[in-house]
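Undergrad: start_14.cif is the file, holding mmCIF, C-alpha atoms and all ligand atoms:
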data_entry
loop_
_atom_site.group_PDB
_atom_site.id
_atom_site.type_symbol
_atom_site.label_atom_id
_atom_site.label_comp_id
_atom_site.auth_asym_id
_atom_site.auth_seq_id
_atom_site.Cartn_x
_atom_site.Cartn_y
_atom_site.Cartn_z
ATOM 1 C CA MET H 815 47.950 153.126 83.265
ATOM 2 C CA ARG H 816 44.346 151.905 83.252
ATOM 3 C CA LEU H 817 43.829 148.248 84.092
ATOM 4 C CA ASP H 818 41.730 147.607 80.954
ATOM 5 C CA LYS H 819 44.493 149.032 78.771
ATOM 6 C CA LEU H 820 47.133 146.922 80.492
ATOM 7 C CA LEU H 821 45.061 143.750 80.084
ATOM 8 C CA ALA H 822 44.340 144.523 76.417
ATOM 9 C CA HIS H 823 48.057 145.088 75.864
ATOM 10 C CA SER H 824 48.898 141.842 77.625
ATOM 11 C CA GLY H 825 46.972 139.650 75.199
ATOM 12 C CA TYR H 826 43.550 139.540 76.871
ATOM 13 C CA GLY H 827 41.788 140.816 73.751
ATOM 14 C CA SER H 828 40.161 144.114 72.836
ATOM 15 C CA ARG H 829 38.924 146.648 75.404
ATOM 16 C CA LYS H 830 35.446 145.115 74.906
ATOM 17 C CA ASP H 831 36.781 141.601 75.597
ATOM 18 C CA VAL H 832 38.547 142.938 78.667
ATOM 19 C CA LYS H 833 35.342 144.518 79.964
ATOM 20 C CA GLN H 834 33.677 141.113 79.700
ATOM 21 C CA LEU H 835 36.683 139.452 81.320
ATOM 22 C CA LEU H 836 36.540 141.815 84.276
ATOM 23 C CA LYS H 837 32.913 140.813 84.801
ATOM 24 C CA SER H 838 33.374 137.080 84.365
ATOM 25 C CA ALA H 839 36.891 136.333 85.617
ATOM 26 C CA ARG H 840 38.673 136.817 88.894
ATOM 27 C CA VAL H 841 40.943 139.797 88.314
ATOM 28 C CA VAL H 842 43.018 140.656 91.336
ATOM 29 C CA VAL H 843 45.283 143.638 91.906
ATOM 30 C CA ASN H 844 47.464 143.333 95.009
ATOM 31 C CA ASP H 845 45.073 140.904 96.732
ATOM 32 C CA THR H 846 41.956 142.961 95.938
ATOM 33 C CA LYS H 847 39.388 141.708 93.431
ATOM 34 C CA VAL H 848 38.726 144.354 90.808
ATOM 35 C CA SER H 849 35.888 144.538 88.297
ATOM 36 C CA SER H 850 36.380 148.016 86.858
ATOM 37 C CA GLY H 851 38.820 148.593 84.042
ATOM 38 C CA LYS H 852 39.163 152.224 85.028
ATOM 39 C CA VAL H 853 41.356 151.408 88.032
ATOM 40 C CA HIS H 854 44.888 152.770 87.601
ATOM 41 C CA VAL H 855 47.724 150.312 88.017
ATOM 42 C CA ASP H 856 51.500 150.535 87.889
ATOM 43 C CA PRO H 857 52.803 147.617 85.788
ATOM 44 C CA GLU H 858 56.204 147.842 87.533
ATOM 45 C CA GLN H 859 54.849 147.726 91.087
ATOM 46 C CA ASP H 860 51.419 146.114 91.195
ATOM 47 C CA LYS H 861 50.818 142.372 91.214
ATOM 48 C CA ILE H 862 48.000 141.614 88.820
ATOM 49 C CA TYR H 863 46.369 138.204 88.365
ATOM 50 C CA VAL H 864 43.648 136.894 86.034
ATOM 51 C CA ASN H 865 42.177 133.642 87.399
ATOM 52 C CA ASP H 866 45.309 133.205 89.535
ATOM 53 C CA GLU H 867 47.631 133.640 86.554
ATOM 54 C CA ARG H 868 50.146 136.458 86.938
ATOM 55 C CA VAL H 869 49.860 139.074 84.185
ATOM 56 C CA GLU H 870 53.288 139.813 82.736
ATOM 57 C CA TYR H 871 53.215 143.220 81.132
ATOM 58 C CA GLU H 872 55.825 143.886 78.487
ATOM 59 C CA GLU H 873 56.399 147.542 77.859
ATOM 60 C CA PHE H 874 57.986 146.936 74.489
ATOM 61 C CA VAL H 875 57.214 144.489 71.722
ATOM 62 C CA TYR H 876 59.527 143.343 68.934
ATOM 63 C CA PHE H 877 58.352 141.573 65.789
ATOM 64 C CA LEU H 878 60.274 140.197 62.831
ATOM 65 C CA LEU H 879 58.161 140.323 59.667
ATOM 66 C CA HIS H 880 58.696 138.789 56.224
ATOM 67 C CA LYS H 881 57.409 141.738 54.231
ATOM 68 C CA PRO H 882 55.762 140.848 50.942
ATOM 69 C CA ALA H 883 55.892 143.127 47.889
ATOM 70 C CA GLY H 884 52.917 145.486 47.493
ATOM 71 C CA VAL H 885 52.766 146.456 51.166
ATOM 72 C CA ILE H 886 54.140 149.744 52.416
ATOM 73 C CA SER H 887 56.459 150.353 55.368
ATOM 74 C CA ALA H 888 54.206 152.715 57.300
ATOM 75 C CA THR H 889 51.765 152.533 60.187
ATOM 76 C CA GLU H 890 48.770 153.778 58.192
ATOM 77 C CA ASP H 891 47.868 154.684 54.656
ATOM 78 C CA MET H 892 44.710 155.763 52.863
ATOM 79 C CA ARG H 893 45.276 153.546 49.807
ATOM 80 C CA ASP H 894 47.728 150.752 50.415
ATOM 81 C CA GLN H 895 47.977 147.933 52.890
ATOM 82 C CA THR H 896 50.692 148.658 55.463
ATOM 83 C CA VAL H 897 53.079 146.347 57.305
ATOM 84 C CA VAL H 898 51.133 147.064 60.515
ATOM 85 C CA ASP H 899 47.950 145.757 58.837
ATOM 86 C CA LEU H 900 49.700 142.365 58.665
ATOM 87 C CA LEU H 901 49.788 142.101 62.467
ATOM 88 C CA THR H 902 46.975 140.708 64.604
ATOM 89 C CA GLU H 903 44.623 143.216 66.204
ATOM 90 C CA ALA H 904 46.099 142.505 69.641
ATOM 91 C CA ASP H 905 49.627 143.178 68.369
ATOM 92 C CA GLN H 906 48.494 146.358 66.602
ATOM 93 C CA LEU H 907 47.235 147.643 69.957
ATOM 94 C CA ARG H 908 50.873 147.935 71.067
ATOM 95 C CA SER H 909 51.456 150.664 68.435
ATOM 96 C CA PRO H 910 54.448 149.075 66.700
ATOM 97 C CA PHE H 911 56.113 150.866 63.796
ATOM 98 C CA PRO H 912 58.604 149.614 61.211
ATOM 99 C CA VAL H 913 62.306 150.097 61.966
ATOM 100 C CA GLY H 914 63.285 151.867 58.754
ATOM 101 C CA ARG H 915 61.669 151.341 55.409
ATOM 102 C CA LEU H 916 61.631 148.814 52.630
ATOM 103 C CA ASP H 917 60.219 150.066 49.325
ATOM 104 C CA LYS H 918 56.734 148.937 48.354
ATOM 105 C CA ASP H 919 58.194 146.480 45.814
ATOM 106 C CA THR H 920 60.952 145.199 48.148
ATOM 107 C CA GLU H 921 60.435 142.007 50.115
ATOM 108 C CA GLY H 922 62.108 140.586 53.152
ATOM 109 C CA LEU H 923 63.123 141.109 56.717
ATOM 110 C CA LEU H 924 61.620 144.033 58.587
ATOM 111 C CA LEU H 925 61.619 144.616 62.328
ATOM 112 C CA LEU H 926 58.687 146.340 63.995
ATOM 113 C CA THR H 927 58.699 147.662 67.524
ATOM 114 C CA ASN H 928 57.230 150.330 69.791
ATOM 115 C CA ASP H 929 60.681 150.900 71.323
ATOM 116 C CA GLY H 930 61.750 154.235 69.838
ATOM 117 C CA LYS H 931 65.165 154.264 71.460
ATOM 118 C CA LEU H 932 66.036 150.866 70.093
ATOM 119 C CA ALA H 933 64.763 151.761 66.620
ATOM 120 C CA HIS H 934 67.057 154.761 66.653
ATOM 121 C CA GLN H 935 70.061 152.617 67.631
ATOM 122 C CA LEU H 936 69.347 150.240 64.755
ATOM 123 C CA LEU H 937 68.960 153.042 62.246
ATOM 124 C CA THR H 938 71.798 155.393 63.122
ATOM 125 C CA PRO H 939 74.696 154.920 60.673
ATOM 126 C CA LYS H 940 77.054 155.436 63.649
ATOM 127 C CA ASN H 941 76.313 151.891 64.819
ATOM 128 C CA ASP H 942 77.280 150.249 61.508
ATOM 129 C CA ILE H 943 74.302 147.890 61.552
ATOM 130 C CA GLY H 944 74.734 145.607 58.532
ATOM 131 C CA LYS H 945 71.796 144.993 56.221
ATOM 132 C CA THR H 946 72.154 142.369 53.510
ATOM 133 C CA TYR H 947 70.066 142.344 50.352
ATOM 134 C CA TYR H 948 69.659 139.716 47.661
ATOM 135 C CA ALA H 949 68.990 141.310 44.286
ATOM 136 C CA LYS H 950 68.553 140.516 40.600
ATOM 137 C CA ILE H 951 70.199 143.005 38.263
ATOM 138 C CA ASN H 952 69.332 143.659 34.626
ATOM 139 C CA GLN H 953 72.833 142.968 33.222
ATOM 140 C CA PRO H 954 76.187 141.390 34.122
ATOM 141 C CA VAL H 955 77.614 142.559 37.468
ATOM 142 C CA THR H 956 81.390 142.730 37.418
ATOM 143 C CA GLU H 957 84.459 142.761 39.636
ATOM 144 C CA ALA H 958 84.721 146.490 38.822
ATOM 145 C CA ASP H 959 81.302 146.987 40.472
ATOM 146 C CA ARG H 960 82.501 145.080 43.547
ATOM 147 C CA VAL H 961 85.549 147.349 43.823
ATOM 148 C CA ALA H 962 83.450 150.473 43.237
ATOM 149 C CA PHE H 963 80.988 149.507 46.002
ATOM 150 C CA LYS H 964 83.874 148.720 48.335
ATOM 151 C CA LYS H 965 85.228 152.260 47.815
ATOM 152 C CA GLY H 966 81.797 153.900 47.830
ATOM 153 C CA VAL H 967 79.866 155.219 44.850
ATOM 154 C CA VAL H 968 78.360 158.651 44.292
ATOM 155 C CA LEU H 969 74.547 158.654 44.224
ATOM 156 C CA ASP H 970 72.397 160.912 42.027
ATOM 157 C CA ASP H 971 72.248 163.578 44.769
ATOM 158 C CA GLY H 972 76.044 163.671 45.172
ATOM 159 C CA TYR H 973 76.132 161.531 48.341
ATOM 160 C CA GLN H 974 79.142 159.220 48.582
ATOM 161 C CA THR H 975 78.141 155.853 50.039
ATOM 162 C CA LYS H 976 80.074 154.128 52.812
ATOM 163 C CA PRO H 977 82.017 150.950 51.910
ATOM 164 C CA ALA H 978 79.666 148.115 50.979
ATOM 165 C CA GLU H 979 80.282 144.411 50.452
ATOM 166 C CA LEU H 980 79.146 143.026 47.085
ATOM 167 C CA VAL H 981 79.075 139.266 46.500
ATOM 168 C CA ILE H 982 78.380 138.254 42.896
ATOM 169 C CA LEU H 983 76.384 135.020 42.897
ATOM 170 C CA LYS H 984 75.794 134.958 39.146
ATOM 171 C CA SER H 985 76.932 137.410 36.470
ATOM 172 C CA ASP H 986 74.740 137.131 33.396
ATOM 173 C CA SER H 987 72.088 139.027 31.410
ATOM 174 C CA ILE H 988 70.128 138.724 34.662
ATOM 175 C CA SER H 989 72.664 138.751 37.503
ATOM 176 C CA GLU H 990 72.202 137.700 41.115
ATOM 177 C CA ILE H 991 74.059 139.370 43.940
ATOM 178 C CA GLU H 992 74.160 139.935 47.680
ATOM 179 C CA LEU H 993 75.002 143.392 48.935
ATOM 180 C CA THR H 994 75.669 144.390 52.552
ATOM 181 C CA ILE H 995 75.362 148.067 53.469
ATOM 182 C CA THR H 996 75.544 149.798 56.850
ATOM 183 C CA GLU H 997 73.406 152.822 56.075
ATOM 184 C CA GLY H 998 69.892 153.318 54.780
ATOM 185 C CA LYS H 999 69.540 156.179 52.335
ATOM 186 C CA PHE H 1000 66.273 156.372 50.395
ATOM 187 C CA HIS H 1001 66.265 153.624 47.684
ATOM 188 C CA GLN H 1002 69.923 153.066 48.492
ATOM 189 C CA VAL H 1003 70.525 149.695 46.814
ATOM 190 C CA LYS H 1004 68.648 150.700 43.665
ATOM 191 C CA ARG H 1005 70.536 154.002 43.480
ATOM 192 C CA MET H 1006 73.907 152.332 44.069
ATOM 193 C CA PHE H 1007 73.321 150.137 41.035
ATOM 194 C CA GLU H 1008 72.103 153.145 39.045
ATOM 195 C CA ALA H 1009 75.427 154.796 39.946
ATOM 196 C CA VAL H 1010 77.205 151.989 38.025
ATOM 197 C CA GLY H 1011 74.684 152.109 35.142
ATOM 198 C CA LYS H 1012 72.592 149.076 36.162
ATOM 199 C CA ARG H 1013 69.070 148.432 37.362
ATOM 200 C CA VAL H 1014 67.714 146.373 40.253
ATOM 201 C CA ILE H 1015 64.804 144.273 39.009
ATOM 202 C CA TYR H 1016 64.128 142.333 42.236
ATOM 203 C CA LEU H 1017 65.116 143.191 45.803
ATOM 204 C CA LYS H 1018 64.811 141.292 49.048
ATOM 205 C CA ARG H 1019 66.387 142.032 52.432
ATOM 206 C CA ILE H 1020 67.720 138.727 53.728
ATOM 207 C CA ALA H 1021 69.575 139.811 56.877
ATOM 208 C CA MET H 1022 69.943 142.611 59.373
ATOM 209 C CA GLU H 1023 72.522 142.632 62.165
ATOM 210 C CA GLU H 1024 71.833 139.430 64.130
ATOM 211 C CA TRP H 1025 68.882 138.226 62.068
ATOM 212 C CA THR H 1026 68.552 136.308 58.850
ATOM 213 C CA LEU H 1027 65.226 135.736 57.210
ATOM 214 C CA GLU H 1028 64.476 132.141 58.149
ATOM 215 C CA PRO H 1029 62.940 130.050 55.315
ATOM 216 C CA THR H 1030 60.133 128.870 57.605
ATOM 217 C CA LEU H 1031 58.774 132.414 57.901
ATOM 218 C CA ALA H 1032 56.398 132.714 54.938
ATOM 219 C CA LYS H 1033 55.803 136.028 53.145
ATOM 220 C CA GLY H 1034 53.395 138.165 55.139
ATOM 221 C CA LYS H 1035 54.062 136.226 58.365
ATOM 222 C CA TYR H 1036 55.877 137.439 61.446
ATOM 223 C CA ARG H 1037 57.163 136.221 64.773
ATOM 224 C CA ARG H 1038 58.005 137.765 68.117
ATOM 225 C CA LEU H 1039 61.690 138.046 68.899
ATOM 226 C CA THR H 1040 62.828 135.543 71.501
ATOM 227 C CA GLU H 1041 63.984 136.623 74.937
ATOM 228 C CA ALA H 1042 67.610 136.008 73.935
ATOM 229 C CA GLU H 1043 67.176 138.200 70.846
ATOM 230 C CA ILE H 1044 65.578 140.954 72.907
ATOM 231 C CA ASN H 1045 68.429 140.790 75.443
ATOM 232 C CA TYR H 1046 70.876 141.133 72.574
ATOM 233 C CA LEU H 1047 69.020 144.218 71.360
ATOM 234 C CA GLN H 1048 69.066 145.807 74.801
ATOM 235 C CA GLN H 1049 72.868 146.012 74.635
ATOM 236 C CA LEU H 1050 72.541 148.357 71.671
ATOM 237 C CA LYS H 1051 70.476 150.857 73.671
HETATM 238 N N1 LIG U 1 67.415 149.850 49.043
HETATM 239 C C1 LIG U 1 66.441 150.061 48.141
HETATM 240 O O1 LIG U 1 66.700 150.555 47.066
HETATM 241 N N2 LIG U 1 65.181 149.728 48.474
HETATM 242 C C2 LIG U 1 64.849 149.156 49.638
HETATM 243 O O2 LIG U 1 63.673 148.836 49.862
HETATM 244 C C3 LIG U 1 65.864 148.920 50.569
HETATM 245 C C4 LIG U 1 67.144 149.290 50.249
#
How does the structure come out when it is put into structure tokens?
TA:
Amino acid sequence: MRLDKLLAHSGYGSRKDVKQLLKSARVVVNDTKVSSGKVHVDPEQDKIYVNDERVEYEEFVYFLLHKPAGVISATEDMRDQTVVDLLTEADQLRSPFPVGRLDKDTEGLLLLTNDGKLAHQLLTPKNDIGKTYYAKINQPVTEADRVAFKKGVVLDDGYQTKPAELVILKSDSISEIELTITEGKFHQVKRMFEAVGKRVIYLKRIAMEEWTLEPTLAKGKYRRLTEAEINYLQQLK
């Protein structure tokens, strides 16, 4: 890969910033000072330093975003703001994409990565990755609904859902629930409630596998996964 690309991907700014950096700073590749970004380097083999600081290149990036409503789970869109637009320019350079989709009006936890293999492992129903949603429902939610979700309900297209765990937090004219599912059919939570004659009026993903949406992460904000979290993910690959 080109040195300027590697430096841009390692947090040294845009390609333009990197060009400037190569002129003004001491950039060394395997003991040789380099001032052209065109030089090809191997991030696995070559030792690269900027002003004596070793450049640690990460091939993959992993972000945990608190998705706000009104933003779409895509990498680009002509009309709407996307989840990728919420990342800094430097982080966008790594070409992350959302792991699965939350509807435009759904809030909550969304992982973004450029690690396609990992994304697949998190999305395949074979791996039983649990996703927990908090929702408000437009009428009382009952024990019968809990039993129905446990058995699996039939969606509008005839698909029978896998067993899901429904916890009723409040059953009233506006109910509050938590639902854990291990698959991710299009509009699944909304359609599961439709299957029992009810409507989701607010939806937020609060957990996925290892992660819960921490209260300190404000809507629209994101953080990098820690090394321990990334190591955990690697086991899934
Ligand atoms: N189920 C839905 O209906 N919508 C989402 O955004 C996620 C799960």
Undergrad: Within 10 Å of Pro939 of chain H, counting all atoms listed in the file, which residues show up once you throw out same-chain ones fewer than 4 positions away? Write them as a compact mmCIF listing (two decimals) with C-alpha atoms, in the coordinates of the input, please.
TA:
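Okay, selection.txt is ready:
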# COMPACT_ATOMS: atom_id res chain seq x y z
CA HIS H 934 67.06 154.76 66.65
CA GLN H 935 70.06 152.62 67.63
CA ILE H 943 74.30 147.89 61.55
CA GLY H 944 74.73 145.61 58.53
CA LYS H 976 80.07 154.13 52.81
CA ILE H 995 75.36 148.07 53.47
CA THR H 996 75.54 149.80 56.85
CA GLU H 997 73.41 152.82 56.08
CA GLY H 998 69.89 153.32 54.78
CA LYS H 999 69.54 156.18 52.34
Undergrad: Write as a list in words the residues around ligand LIG 1 (chain U), taking 6 Å as the cut-off and counting all atoms listed in the file.
TA: Leu916, Asp917, Thr920, His1001, Gln1002, Val1003 and Lys1004 of chain H
Undergrad: So the first atom is atom CA of Ser985 of chain H and the second is atom CA of Glu921 of chain H; what is the distance between them in Å, to one decimal place?
TA: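 For atom CA of Ser985 of chain H relative to atom CA of Glu921 of chain H, the distance reads 21.9 Å.
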Undergrad: Under the rule that only C-alpha atoms are counted, which of H:Leu878, H:Val864, H:Met1022, H:Val981 is the nearest residue to Val898 of chain H?
TA: H:Leu878
Undergrad: Under the PyMOL selection byres (((chain H and resi 872-874) around 9) and not hetatm), which residues of this model are included? Write them out as a ChimeraX atom specification.
TA: /H:823-824,857,870-871,875-876,908,910,927-929
Undergrad: Of the residues H:Lys1051, H:Lys931, H:Lys847, H:Arg960, which is the one nearest to Lys861 of chain H, using all atoms listed in the file?
TA: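 Under the stated criterion, the closest residue is H:Lys847.
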Undergrad: Which one of H:Glu1043, H:Glu957, H:Glu1028, H:Glu1008 sits closest to Gly922 of chain H if you count only C-alpha atoms?
TA: H:Glu1028
Undergrad: Got a sec: who's within 7 Å of segment 1015-1017 of chain H, counting all atoms listed in the file, leaving out chain neighbours fewer than 6 positions off, as a PyMOL selection string?
TA: chain H and resi 920-921+947-952
Undergrad: Just so the selection is clear, what residues does the PyMOL selection byres (((chain H and resi 1050) around 12) and not hetatm) cover here, as a PyMOL selection string?
TA: chain H and resi 931-938+940-943+1023-1024+1043-1049+1051
Undergrad: Please write the residues picked by the PyMOL selection byres (((chain H and resi 1011) around 12) and not hetatm) on this file as a PDB file with C-alpha atoms, keeping the file's coordinate frame.
TA:
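Wrote it out as part-v7.pdb, contents follow:
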ATOM      1  CA  ILE H 951      70.199 143.005  38.263  1.00  0.00           C
ATOM      2  CA  ASN H 952      69.332 143.659  34.626  1.00  0.00           C
ATOM      3  CA  GLN H 953      72.833 142.968  33.222  1.00  0.00           C
ATOM      4  CA  PRO H 954      76.187 141.390  34.122  1.00  0.00           C
ATOM      5  CA  VAL H 955      77.614 142.559  37.468  1.00  0.00           C
ATOM      6  CA  THR H 956      81.390 142.730  37.418  1.00  0.00           C
ATOM      7  CA  ASP H 959      81.302 146.987  40.472  1.00  0.00           C
ATOM      8  CA  VAL H 967      79.866 155.219  44.850  1.00  0.00           C
ATOM      9  CA  VAL H 968      78.360 158.651  44.292  1.00  0.00           C
ATOM     10  CA  LEU H 969      74.547 158.654  44.224  1.00  0.00           C
ATOM     11  CA  ASP H 970      72.397 160.912  42.027  1.00  0.00           C
ATOM     12  CA  LYS H1004      68.648 150.700  43.665  1.00  0.00           C
ATOM     13  CA  ARG H1005      70.536 154.002  43.480  1.00  0.00           C
ATOM     14  CA  MET H1006      73.907 152.332  44.069  1.00  0.00           C
ATOM     15  CA  PHE H1007      73.321 150.137  41.035  1.00  0.00           C
ATOM     16  CA  GLU H1008      72.103 153.145  39.045  1.00  0.00           C
ATOM     17  CA  ALA H1009      75.427 154.796  39.946  1.00  0.00           C
ATOM     18  CA  VAL H1010      77.205 151.989  38.025  1.00  0.00           C
ATOM     19  CA  LYS H1012      72.592 149.076  36.162  1.00  0.00           C
ATOM     20  CA  ARG H1013      69.070 148.432  37.362  1.00  0.00           C
ATOM     21  CA  VAL H1014      67.714 146.373  40.253  1.00  0.00           C
TER      22      VAL H1014
END
Undergrad: Pick from H:Ser850, H:Asn844, H:Gln906, H:Gln859: nearest to Glu890 of chain H, with only C-alpha atoms counted?
TA: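 Of H:Ser850, H:Asn844, H:Gln906, H:Gln859, the one nearest Glu890 of chain H is H:Gln906, counting only C-alpha atoms.
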Undergrad: Please report the interatomic distance between atom CA of Val841 of chain H and atom CA of Val869 of chain H in Å with one decimal.
TA: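 Between atom CA of Val841 of chain H and atom CA of Val869 of chain H the gap is 9.9 Å.
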Undergrad: What is the distance, in Å and to one decimal place, between atom CA of Leu821 of chain H and atom CA of Arg1038 of chain H?
TA: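 Atom-to-atom, atom CA of Leu821 of chain H to atom CA of Arg1038 of chain H, that is 18.6 Å.
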Undergrad: Of the residues H:Asn865, H:Thr946, H:Ser828, H:Gln974, which is the one nearest to Val842 of chain H, using only C-alpha atoms?
TA: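 The shortest atom-to-atom distance to Val842 of chain H comes from H:Asn865.
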Undergrad: Around all of segment 831-845 of chain H's listed atoms, make the axis-aligned box with 4 Å on each side and tell me centre and edge lengths in Å to one decimal, as AutoDock Vina command-line options.
TA:
--center_x 40.2 --center_y 140.4 --center_z 86.2 --size_x 22.6 --size_y 16.2 --size_z 29.1
Undergrad: Step by step: start from the point (53.3, 145.2, 49.0) in the file's coordinates, keep every protein, DNA or RNA residue that has an atom no farther than 9 Å from it, count all atoms listed in the file, and write the set as an mmCIF file with C-alpha atoms, keeping the file's coordinate frame.
TA:
data_model
loop_
_atom_site.group_PDB
_atom_site.id
_atom_site.type_symbol
_atom_site.label_atom_id
_atom_site.label_comp_id
_atom_site.auth_asym_id
_atom_site.auth_seq_id
_atom_site.Cartn_x
_atom_site.Cartn_y
_atom_site.Cartn_z
ATOM 1 C CA LYS H 881 57.409 141.738 54.231
ATOM 2 C CA PRO H 882 55.762 140.848 50.942
ATOM 3 C CA ALA H 883 55.892 143.127 47.889
ATOM 4 C CA GLY H 884 52.917 145.486 47.493
ATOM 5 C CA VAL H 885 52.766 146.456 51.166
ATOM 6 C CA ILE H 886 54.140 149.744 52.416
ATOM 7 C CA SER H 887 56.459 150.353 55.368
ATOM 8 C CA ASP H 894 47.728 150.752 50.415
ATOM 9 C CA GLN H 895 47.977 147.933 52.890
ATOM 10 C CA THR H 896 50.692 148.658 55.463
ATOM 11 C CA VAL H 897 53.079 146.347 57.305
ATOM 12 C CA ASP H 917 60.219 150.066 49.325
ATOM 13 C CA LYS H 918 56.734 148.937 48.354
ATOM 14 C CA ASP H 919 58.194 146.480 45.814
ATOM 15 C CA THR H 920 60.952 145.199 48.148
ATOM 16 C CA GLU H 921 60.435 142.007 50.115
#
Undergrad: Any chance you could model N, CA, C and O atoms for segment 1034-1046 of chain H and send them as a tab-separated table (two decimals), in the coordinates of the input?
TA:
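File produced: rebuild_2.tsv:
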chain	number	residue	atom	x	y	z
H	1034	GLY	N	54.59	137.62	54.47
H	1034	GLY	CA	53.40	138.16	55.14
H	1034	GLY	C	53.27	137.70	56.58
H	1034	GLY	O	52.41	138.18	57.31
H	1035	LYS	N	54.13	136.75	56.99
H	1035	LYS	CA	54.06	136.23	58.36
H	1035	LYS	C	55.11	136.92	59.24
H	1035	LYS	O	56.09	137.46	58.72
H	1036	TYR	N	54.92	136.84	60.53
H	1036	TYR	CA	55.88	137.44	61.45
H	1036	TYR	C	55.97	136.61	62.71
H	1036	TYR	O	55.12	135.74	62.96
H	1037	ARG	N	57.03	136.88	63.47
H	1037	ARG	CA	57.16	136.22	64.77
H	1037	ARG	C	57.67	137.23	65.78
H	1037	ARG	O	58.27	138.25	65.40
H	1038	ARG	N	57.44	136.92	67.06
H	1038	ARG	CA	58.00	137.76	68.12
H	1038	ARG	C	59.47	137.41	68.26
H	1038	ARG	O	59.85	136.25	68.08
H	1039	LEU	N	60.30	138.37	68.59
H	1039	LEU	CA	61.69	138.05	68.90
H	1039	LEU	C	61.72	137.24	70.19
H	1039	LEU	O	60.88	137.44	71.07
H	1040	THR	N	62.69	136.35	70.29
H	1040	THR	CA	62.83	135.54	71.50
H	1040	THR	C	63.44	136.40	72.61
H	1040	THR	O	63.98	137.49	72.33
H	1041	GLU	N	63.41	135.87	73.81
H	1041	GLU	CA	63.98	136.62	74.94
H	1041	GLU	C	65.48	136.88	74.71
H	1041	GLU	O	65.98	137.97	74.99
H	1042	ALA	N	66.16	135.86	74.18
H	1042	ALA	CA	67.61	136.01	73.94
H	1042	ALA	C	67.85	137.12	72.90
H	1042	ALA	O	68.78	137.93	73.05
H	1043	GLU	N	67.02	137.17	71.87
H	1043	GLU	CA	67.18	138.20	70.85
H	1043	GLU	C	66.90	139.59	71.42
H	1043	GLU	O	67.58	140.56	71.08
H	1044	ILE	N	65.91	139.66	72.30
H	1044	ILE	CA	65.58	140.95	72.91
H	1044	ILE	C	66.73	141.39	73.82
H	1044	ILE	O	67.14	142.56	73.80
H	1045	ASN	N	67.29	140.44	74.58
H	1045	ASN	CA	68.43	140.79	75.44
H	1045	ASN	C	69.60	141.31	74.61
H	1045	ASN	O	70.27	142.26	75.00
H	1046	TYR	N	69.81	140.69	73.47
H	1046	TYR	CA	70.88	141.13	72.57
H	1046	TYR	C	70.63	142.59	72.14
H	1046	TYR	O	71.53	143.43	72.17
